[in-house]
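Chemist: Sending over run23.cif (mmCIF, C-alpha atoms).
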```
data_run
loop_
_atom_site.group_PDB
_atom_site.id
_atom_site.type_symbol
_atom_site.label_atom_id
_atom_site.label_comp_id
_atom_site.auth_asym_id
_atom_site.auth_seq_id
_atom_site.Cartn_x
_atom_site.Cartn_y
_atom_site.Cartn_z
ATOM 1 C CA MET A 851 77.631 -259.130 46.378
ATOM 2 C CA THR A 852 74.952 -259.251 43.708
ATOM 3 C CA ASP A 853 73.953 -262.641 42.341
ATOM 4 C CA ILE A 854 72.972 -262.069 38.721
ATOM 5 C CA ASN A 855 70.810 -265.167 38.980
ATOM 6 C CA PHE A 856 68.795 -263.508 41.719
ATOM 7 C CA LEU A 857 65.396 -264.647 40.517
ATOM 8 C CA ASN A 858 64.750 -267.799 42.472
ATOM 9 C CA ASN A 859 62.124 -269.947 40.788
ATOM 10 C CA ASP A 860 61.594 -272.042 43.912
ATOM 11 C CA ASP A 861 57.876 -271.817 44.636
ATOM 12 C CA SER A 862 58.167 -273.452 48.038
ATOM 13 C CA GLY A 863 58.044 -271.533 51.293
ATOM 14 C CA ASP A 864 55.646 -269.247 53.025
ATOM 15 C CA ALA A 865 54.578 -265.766 52.001
ATOM 16 C CA ALA A 866 57.095 -264.093 54.314
ATOM 17 C CA SER A 867 60.065 -265.895 52.784
ATOM 18 C CA GLN A 868 58.705 -265.167 49.281
ATOM 19 C CA SER A 869 58.512 -261.496 50.252
ATOM 20 C CA ASP A 870 62.071 -261.619 51.612
ATOM 21 C CA ARG A 871 63.330 -263.101 48.329
ATOM 22 C CA SER A 872 61.414 -260.491 46.367
ATOM 23 C CA GLY A 873 62.927 -257.711 48.469
ATOM 24 C CA GLU A 874 66.395 -259.188 48.004
ATOM 25 C CA ALA A 875 65.825 -259.354 44.249
ATOM 26 C CA LEU A 876 64.994 -255.644 44.225
ATOM 27 C CA VAL A 877 68.100 -254.817 46.248
ATOM 28 C CA ASP A 878 70.094 -256.943 43.794
ATOM 29 C CA LEU A 879 68.666 -254.906 40.899
ATOM 30 C CA ILE A 880 69.575 -251.675 42.681
ATOM 31 C CA GLU A 881 73.100 -252.963 43.129
ATOM 32 C CA LEU A 882 73.318 -254.003 39.473
ATOM 33 C CA LEU A 883 72.203 -250.500 38.464
ATOM 34 C CA PHE A 884 75.006 -249.026 40.589
ATOM 35 C CA PHE A 885 77.592 -251.276 38.944
ATOM 36 C CA ALA A 886 76.199 -250.687 35.446
ATOM 37 C CA TYR A 887 76.244 -246.914 36.007
ATOM 38 C CA ARG A 888 79.803 -247.080 37.340
ATOM 39 C CA ASP A 889 81.028 -248.854 34.232
ATOM 40 C CA PHE A 890 78.793 -246.907 31.826
ATOM 41 C CA THR A 891 80.340 -243.633 33.017
ATOM 42 C CA SER A 892 83.942 -244.809 33.484
ATOM 43 C CA ASP A 893 85.110 -244.381 29.876
ATOM 44 C CA PRO A 894 83.603 -240.900 29.430
ATOM 45 C CA ASP A 895 84.967 -239.923 32.855
ATOM 46 C CA ALA A 896 88.504 -240.688 31.636
ATOM 47 C CA ILE A 897 87.970 -238.554 28.514
ATOM 48 C CA LEU A 898 86.415 -235.708 30.523
ATOM 49 C CA ALA A 899 89.308 -235.718 33.015
ATOM 50 C CA LYS A 900 91.696 -234.769 30.199
ATOM 51 C CA TYR A 901 89.733 -231.514 29.835
ATOM 52 C CA GLY A 902 89.299 -230.939 33.568
ATOM 53 C CA PHE A 903 85.577 -231.662 33.149
ATOM 54 C CA GLY A 904 83.167 -233.858 35.080
ATOM 55 C CA ARG A 905 79.842 -235.604 34.572
ATOM 56 C CA ALA A 906 77.898 -232.337 34.690
ATOM 57 C CA HIS A 907 79.848 -231.168 31.638
ATOM 58 C CA HIS A 908 79.035 -234.478 29.939
ATOM 59 C CA ARG A 909 75.306 -234.081 30.508
ATOM 60 C CA VAL A 910 75.300 -230.487 29.272
ATOM 61 C CA ILE A 911 77.299 -231.208 26.119
ATOM 62 C CA HIS A 912 75.153 -234.290 25.427
ATOM 63 C CA PHE A 913 71.821 -232.474 25.575
ATOM 64 C CA VAL A 914 73.028 -229.348 23.783
ATOM 65 C CA ASP A 915 74.530 -231.467 21.011
ATOM 66 C CA ARG A 916 71.347 -233.546 20.668
ATOM 67 C CA ASN A 917 69.052 -230.481 20.767
ATOM 68 C CA PRO A 918 70.594 -227.555 18.831
ATOM 69 C CA GLY A 919 69.057 -224.245 19.884
ATOM 70 C CA LEU A 920 68.082 -225.594 23.297
ATOM 71 C CA THR A 921 67.267 -222.762 25.689
ATOM 72 C CA VAL A 922 69.021 -222.436 29.013
ATOM 73 C CA ALA A 923 65.608 -222.713 30.694
ATOM 74 C CA ASP A 924 64.878 -226.003 28.904
ATOM 75 C CA LEU A 925 68.330 -227.347 29.773
ATOM 76 C CA LEU A 926 67.719 -226.507 33.434
ATOM 77 C CA ASP A 927 64.426 -228.383 33.253
ATOM 78 C CA ILE A 928 66.025 -231.435 31.607
ATOM 79 C CA LEU A 929 68.890 -231.644 34.085
ATOM 80 C CA LYS A 930 66.853 -230.675 37.166
ATOM 81 C CA ILE A 931 69.666 -228.506 38.488
ATOM 82 C CA THR A 932 69.874 -224.921 39.680
ATOM 83 C CA LYS A 933 70.826 -222.004 37.461
ATOM 84 C CA GLN A 934 73.890 -221.504 39.663
ATOM 85 C CA SER A 935 75.049 -225.105 39.143
ATOM 86 C CA LEU A 936 74.584 -224.846 35.394
ATOM 87 C CA GLY A 937 76.244 -221.431 35.242
ATOM 88 C CA ARG A 938 79.713 -222.632 36.199
ATOM 89 C CA VAL A 939 79.647 -225.648 33.901
ATOM 90 C CA LEU A 940 78.167 -223.743 30.962
ATOM 91 C CA LYS A 941 80.721 -220.946 31.357
ATOM 92 C CA GLN A 942 83.578 -223.470 31.145
ATOM 93 C CA LEU A 943 82.082 -225.119 28.054
ATOM 94 C CA ILE A 944 81.535 -221.758 26.336
ATOM 95 C CA GLU A 945 85.011 -220.474 27.227
ATOM 96 C CA GLY A 946 86.506 -223.794 26.082
ATOM 97 C CA GLY A 947 84.860 -223.414 22.683
ATOM 98 C CA PHE A 948 82.530 -226.406 23.048
ATOM 99 C CA ILE A 949 79.242 -224.497 23.195
ATOM 100 C CA HIS A 950 78.123 -221.307 21.498
ATOM 101 C CA GLN A 951 75.407 -219.158 23.041
ATOM 102 C CA VAL A 952 73.076 -217.019 20.918
ATOM 103 C CA THR A 953 70.507 -214.432 22.004
ATOM 104 C CA GLY A 954 66.943 -215.457 21.206
ATOM 105 C CA PRO A 955 65.475 -213.849 18.064
ATOM 106 C CA HIS A 956 62.255 -212.694 19.775
ATOM 107 C CA ASP A 957 63.296 -212.387 23.414
ATOM 108 C CA ARG A 958 66.730 -210.936 24.096
ATOM 109 C CA ARG A 959 66.695 -212.505 27.572
ATOM 110 C CA GLN A 960 66.503 -215.953 26.023
ATOM 111 C CA ARG A 961 69.784 -217.785 25.433
ATOM 112 C CA LEU A 962 69.950 -220.520 22.796
ATOM 113 C CA LEU A 963 72.720 -223.090 23.045
ATOM 114 C CA TYR A 964 74.542 -224.824 20.205
ATOM 115 C CA ALA A 965 77.432 -227.258 20.237
ATOM 116 C CA THR A 966 80.387 -226.012 18.217
ATOM 117 C CA ALA A 967 82.299 -228.349 15.886
ATOM 118 C CA GLU A 968 84.626 -229.064 18.806
ATOM 119 C CA GLY A 969 81.626 -229.669 21.083
ATOM 120 C CA ARG A 970 80.045 -232.076 18.604
ATOM 121 C CA ALA A 971 83.342 -233.948 18.341
ATOM 122 C CA LEU A 972 83.584 -234.185 22.139
ATOM 123 C CA ALA A 973 79.988 -235.400 22.404
ATOM 124 C CA ALA A 974 80.753 -238.113 19.844
ATOM 125 C CA ARG A 975 83.942 -239.145 21.689
ATOM 126 C CA LEU A 976 81.981 -239.423 24.937
ATOM 127 C CA SER A 977 79.076 -241.396 23.494
ATOM 128 C CA GLU A 978 81.186 -243.812 21.434
ATOM 129 C CA PRO A 979 82.367 -246.027 24.333
ATOM 130 C CA GLN A 980 78.897 -245.928 25.877
ATOM 131 C CA SER A 981 77.329 -246.965 22.566
ATOM 132 C CA ARG A 982 79.881 -249.764 22.255
ATOM 133 C CA ARG A 983 79.056 -250.971 25.781
ATOM 134 C CA ILE A 984 75.287 -250.927 25.116
ATOM 135 C CA ARG A 985 75.714 -252.682 21.748
ATOM 136 C CA ALA A 986 77.795 -255.428 23.390
ATOM 137 C CA ALA A 987 75.253 -255.899 26.187
ATOM 138 C CA LEU A 988 72.307 -256.047 23.774
ATOM 139 C CA ALA A 989 74.169 -258.538 21.573
ATOM 140 C CA ARG A 990 74.154 -260.965 24.499
ATOM 141 C CA LEU A 991 70.358 -260.799 24.814
ATOM 142 C CA ASP A 992 67.438 -262.117 22.805
ATOM 143 C CA PRO A 993 66.296 -259.758 20.007
ATOM 144 C CA GLU A 994 63.093 -258.883 21.916
ATOM 145 C CA ALA A 995 65.141 -257.782 24.918
ATOM 146 C CA ARG A 996 66.012 -254.382 23.387
ATOM 147 C CA GLN A 997 62.377 -253.322 23.579
ATOM 148 C CA THR A 998 62.106 -254.741 27.113
ATOM 149 C CA VAL A 999 65.196 -252.808 28.205
ATOM 150 C CA SER A 1000 63.824 -249.630 26.625
ATOM 151 C CA ARG A 1001 60.438 -250.054 28.315
ATOM 152 C CA PHE A 1002 62.118 -250.775 31.660
ATOM 153 C CA LEU A 1003 64.324 -247.677 31.514
ATOM 154 C CA PHE A 1004 61.400 -245.509 30.424
ATOM 155 C CA ALA A 1005 59.257 -246.910 33.261
ATOM 156 C CA MET A 1006 62.019 -245.937 35.741
ATOM 157 C CA ILE A 1007 61.495 -242.268 34.827
ATOM 158 C CA ASP A 1008 59.116 -240.273 37.013
ATOM 159 C CA PRO A 1009 55.694 -240.576 35.326
ATOM 160 C CA ALA A 1010 55.261 -236.789 35.329
ATOM 161 C CA GLU A 1011 58.513 -236.469 33.333
ATOM 162 C CA GLN A 1012 57.810 -239.237 30.825
ATOM 163 C CA PRO A 1013 56.063 -237.054 28.192
ATOM 164 C CA LYS A 1014 58.987 -234.587 28.180
ATOM 165 C CA VAL A 1015 61.523 -237.402 27.938
ATOM 166 C CA ALA A 1016 59.549 -239.051 25.139
ATOM 167 C CA ARG A 1017 59.700 -235.794 23.151
ATOM 168 C CA LEU A 1018 63.442 -235.478 23.773
ATOM 169 C CA VAL A 1019 64.287 -239.000 22.663
ATOM 170 C CA GLY A 1020 62.010 -238.726 19.655
ATOM 171 C CA LYS A 1021 59.541 -241.433 20.497
ATOM 172 C CA GLU A 1022 57.785 -242.881 23.456
ATOM 173 C CA PRO A 1023 58.685 -246.471 24.267
ATOM 174 C CA ALA A 1024 55.630 -248.652 24.782
ATOM 175 C CA VAL A 1025 54.978 -248.989 28.492
ATOM 176 C CA GLU A 1026 52.404 -251.534 29.542
#
```
Once you've parsed the file, please lay out its structure as C-alpha coordinates.

Modeler:
Amino acid sequence: MTDINFLNNDDSGDAASQSDRSGEALVDLIELLFFAYRDFTSDPDAILAKYGFGRAHHRVIHFVDRNPGLTVADLLDILKITKQSLGRVLKQLIEGGFIHQVTGPHDRRQRLLYATAEGRALAARLSEPQSRRIRAALARLDPEARQTVSRFLFAMIDPAEQPKVARLVGKEPAVE
(Lines of atoms letter the chains of each structure in order from A and count residues from 1; the text may use other names and numbers.)
(Lines give C-alpha, C1' and ligand atoms only; values in the text may rest on other atoms or scores of the structure.)
Protein backbone atom coordinates (compact mmCIF):
# COMPACT_ATOMS: atom_id res chain seq x y z
CA MET A 1 0.00 0.00 0.00
CA THR A 2 1.20 3.50 -0.78
CA ASP A 3 2.81 5.49 2.01
CA ILE A 4 1.95 9.13 1.35
CA ASN A 5 5.07 10.06 3.29
CA PHE A 6 7.18 8.18 0.77
CA LEU A 7 9.96 10.73 0.53
CA ASN A 8 12.52 9.52 3.02
CA ASN A 9 14.86 12.31 4.04
CA ASP A 10 17.38 9.88 5.52
CA ASP A 11 20.65 10.65 3.77
CA SER A 12 22.42 7.60 5.15
CA GLY A 13 23.06 4.47 3.12
CA ASP A 14 24.84 3.60 -0.05
CA ALA A 15 23.94 4.59 -3.59
CA ALA A 16 22.12 1.32 -4.27
CA SER A 17 19.76 1.74 -1.32
CA GLN A 18 19.20 5.40 -2.29
CA SER A 19 18.30 4.21 -5.79
CA ASP A 20 15.95 1.58 -4.34
CA ARG A 21 14.18 4.24 -2.25
CA SER A 22 13.95 6.52 -5.27
CA GLY A 23 12.44 3.71 -7.35
CA GLU A 24 9.97 2.93 -4.57
CA ALA A 25 9.01 6.60 -4.39
CA LEU A 26 8.22 6.57 -8.11
CA VAL A 27 6.13 3.42 -7.76
CA ASP A 28 4.34 5.09 -4.84
CA LEU A 29 3.56 8.09 -7.08
CA ILE A 30 2.25 5.77 -9.79
CA GLU A 31 0.02 4.11 -7.23
CA LEU A 32 -1.21 7.48 -5.93
CA LEU A 33 -2.07 8.47 -9.51
CA PHE A 34 -4.13 5.28 -9.88
CA PHE A 35 -6.04 6.00 -6.67
CA ALA A 36 -6.51 9.68 -7.52
CA TYR A 37 -7.82 8.77 -10.99
CA ARG A 38 -10.16 6.17 -9.50
CA ASP A 39 -11.72 8.71 -7.18
CA PHE A 40 -11.60 11.58 -9.68
CA THR A 41 -13.69 9.55 -12.13
CA SER A 42 -16.02 7.83 -9.65
CA ASP A 43 -18.60 10.63 -9.32
CA PRO A 44 -18.90 11.27 -13.07
CA ASP A 45 -19.05 7.50 -13.65
CA ALA A 46 -22.16 7.31 -11.45
CA ILE A 47 -23.81 10.15 -13.40
CA LEU A 48 -22.84 8.63 -16.76
CA ALA A 49 -24.24 5.22 -15.76
CA LYS A 50 -27.71 6.76 -15.47
CA TYR A 51 -27.52 7.53 -19.21
CA GLY A 52 -25.89 4.23 -20.17
CA PHE A 53 -22.69 6.14 -20.97
CA GLY A 54 -19.06 5.55 -20.07
CA ARG A 55 -15.82 7.50 -19.78
CA ALA A 56 -15.46 7.82 -23.55
CA HIS A 57 -18.75 9.72 -23.62
CA HIS A 58 -17.45 11.94 -20.81
CA ARG A 59 -14.30 12.84 -22.70
CA VAL A 60 -16.20 13.60 -25.90
CA ILE A 61 -18.83 15.77 -24.22
CA HIS A 62 -16.12 17.56 -22.22
CA PHE A 63 -14.02 18.55 -25.23
CA VAL A 64 -16.97 19.39 -27.47
CA ASP A 65 -18.48 21.55 -24.74
CA ARG A 66 -15.17 23.33 -24.10
CA ASN A 67 -14.44 23.82 -27.83
CA PRO A 68 -17.64 24.69 -29.74
CA GLY A 69 -17.25 23.99 -33.46
CA LEU A 70 -14.55 21.39 -32.85
CA THR A 71 -14.03 19.23 -35.93
CA VAL A 72 -14.28 15.47 -35.76
CA ALA A 73 -10.68 15.30 -36.99
CA ASP A 74 -9.49 17.56 -34.16
CA LEU A 75 -11.47 15.55 -31.60
CA LEU A 76 -9.84 12.36 -32.87
CA ASP A 77 -6.44 14.01 -32.47
CA ILE A 78 -7.22 15.20 -28.92
CA LEU A 79 -8.52 11.84 -27.76
CA LYS A 80 -5.98 9.72 -29.67
CA ILE A 81 -8.64 7.18 -30.62
CA THR A 82 -9.75 5.64 -33.89
CA LYS A 83 -12.57 7.00 -36.02
CA GLN A 84 -14.42 3.73 -35.40
CA SER A 85 -14.17 4.12 -31.61
CA LEU A 86 -15.39 7.70 -31.77
CA GLY A 87 -18.17 6.84 -34.21
CA ARG A 88 -20.18 4.73 -31.79
CA VAL A 89 -19.86 7.16 -28.90
CA LEU A 90 -20.56 10.24 -31.03
CA LYS A 91 -23.62 8.58 -32.58
CA GLN A 92 -25.07 7.92 -29.12
CA LEU A 93 -24.42 11.50 -28.00
CA ILE A 94 -25.98 12.94 -31.17
CA GLU A 95 -29.00 10.63 -31.01
CA GLY A 96 -29.39 11.43 -27.29
CA GLY A 97 -29.54 15.14 -28.07
CA PHE A 98 -26.28 16.03 -26.29
CA ILE A 99 -24.26 16.99 -29.37
CA HIS A 100 -25.27 18.65 -32.61
CA GLN A 101 -23.25 18.09 -35.77
CA VAL A 102 -23.01 20.72 -38.51
CA THR A 103 -21.47 20.47 -41.98
CA GLY A 104 -18.44 22.70 -42.42
CA PRO A 105 -19.11 25.99 -44.26
CA HIS A 106 -16.22 25.57 -46.73
CA ASP A 107 -15.75 21.80 -46.84
CA ARG A 108 -18.89 19.68 -46.84
CA ARG A 109 -16.85 16.68 -45.66
CA GLN A 110 -15.95 18.53 -42.48
CA ARG A 111 -18.18 17.97 -39.45
CA LEU A 112 -18.29 20.59 -36.70
CA LEU A 113 -19.47 19.54 -33.26
CA TYR A 114 -21.43 21.60 -30.75
CA ALA A 115 -22.85 20.69 -27.37
CA THR A 116 -26.60 21.25 -27.18
CA ALA A 117 -28.19 22.87 -24.11
CA GLU A 118 -28.67 19.36 -22.73
CA GLY A 119 -25.03 18.52 -23.54
CA ARG A 120 -23.77 21.65 -21.81
CA ALA A 121 -25.86 20.79 -18.75
CA LEU A 122 -24.45 17.25 -18.70
CA ALA A 123 -20.89 18.54 -19.06
CA ALA A 124 -21.48 20.86 -16.09
CA ARG A 125 -22.97 18.03 -14.00
CA LEU A 126 -19.94 15.86 -14.76
CA SER A 127 -17.34 18.52 -14.02
CA GLU A 128 -18.95 19.82 -10.83
CA PRO A 129 -17.90 16.94 -8.53
CA GLN A 130 -14.45 16.88 -10.12
CA SER A 131 -14.07 20.63 -9.57
CA ARG A 132 -15.20 20.20 -5.97
CA ARG A 133 -12.63 17.43 -5.45
CA ILE A 134 -9.79 19.51 -6.95
CA ARG A 135 -10.80 22.60 -4.94
CA ALA A 136 -10.78 20.56 -1.72
CA ALA A 137 -7.38 19.05 -2.50
CA LEU A 138 -5.85 22.43 -3.38
CA ALA A 139 -7.28 23.97 -0.21
CA ARG A 140 -5.15 21.55 1.80
CA LEU A 141 -1.94 22.74 0.10
CA ASP A 142 0.19 25.85 0.27
CA PRO A 143 -0.92 28.62 -2.14
CA GLU A 144 2.15 28.04 -4.36
CA ALA A 145 1.23 24.38 -4.75
CA ARG A 146 -1.45 25.08 -7.40
CA GLN A 147 1.22 26.23 -9.84
CA THR A 148 3.41 23.25 -8.90
CA VAL A 149 0.53 20.84 -9.50
CA SER A 150 -0.22 22.49 -12.85
CA ARG A 151 3.43 22.32 -13.94
CA PHE A 152 3.66 18.68 -12.84
CA LEU A 153 0.55 17.63 -14.77
CA PHE A 154 1.68 19.55 -17.85
CA ALA A 155 5.14 17.94 -17.63
CA MET A 156 3.46 14.49 -17.58
CA ILE A 157 2.09 15.15 -21.07
CA ASP A 158 4.14 13.88 -24.00
CA PRO A 159 6.42 16.80 -24.98
CA ALA A 160 5.29 16.58 -28.62
CA GLU A 161 1.67 17.09 -27.46
CA GLN A 162 2.34 19.95 -25.04
CA PRO A 163 1.87 22.81 -27.56
CA LYS A 164 -1.52 21.42 -28.63
CA VAL A 165 -2.61 20.94 -25.03
CA ALA A 166 -1.44 24.44 -24.12
CA ARG A 167 -3.65 25.86 -26.90
CA LEU A 168 -6.62 23.79 -25.72
CA VAL A 169 -6.38 24.84 -22.09
CA GLY A 170 -5.80 28.45 -23.05
CA LYS A 171 -2.36 28.93 -21.62
CA GLU A 172 0.85 27.07 -21.21
CA PRO A 173 1.85 26.34 -17.63
CA ALA A 174 5.44 27.29 -16.90
CA VAL A 175 7.60 24.19 -17.11
CA GLU A 176 11.15 24.51 -15.90

Chemist: Please evaluate the PyMOL selection byres ((chain A and resi 977) around 12) against the structure above and give the resulting residues as a ChimeraX atom specification.

Modeler: /A:890-895,897-898,908-909,911-913,915-916,970-976,978-985

Chemist: Quick one: distance from CA of Thr932 (chain A) to CA of Ile944 (chain A) in Å, one decimal?

Modeler: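 Separating CA of Thr932 (chain A) from CA of Ile944 (chain A) is a distance of 18.0 Å.
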
Chemist: Restricting the calculation to all atoms listed in the file, which member of A:Leu988, A:Leu925, A:Val877, A:Leu920 is positioned closest to Val952 (chain A)?

Modeler: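 Of all the options, A:Leu920 lies closest to Val952 (chain A).
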
Chemist: Please measure the separation of CA of Leu879 (chain A) and CA of Phe1002 (chain A), giving the value in Å to one decimal.

Modeler: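 Here the two named atoms are 12.1 Å from each other.
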
Chemist: To one decimal in Å, tell me the separation between CA of Val939 (chain A) and CA of Val910 (chain A).

Modeler: 8.0 Å

Chemist: Name the closest residue to Lys1014 (chain A) among the candidates A:Ile928, A:Glu874, A:Pro993, A:Pro955; distances are taken between atoms, counting all atoms listed in the file.

Modeler: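 When distances to Lys1014 (chain A) are compared using all atoms listed in the file, the smallest one comes from A:Ile928.
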
Chemist: Smallest atom-to-atom distance to Ala923 (chain A): which of A:Gln951, A:Lys900, A:Gly873, A:Arg961, using all atoms listed in the file?

Modeler: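 Checking each candidate against Ala923 (chain A), we get A:Arg961 as the closest.
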
Chemist: Rank A:Ile880, A:Leu991, A:Val914, A:Ala906 by their smallest atom-to-atom distance to Gly937 (chain A), using only C-alpha atoms, and report the top residue only.

Modeler: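 Looking only at the distances to Gly937 (chain A), the closest residue turns out to be A:Ala906.
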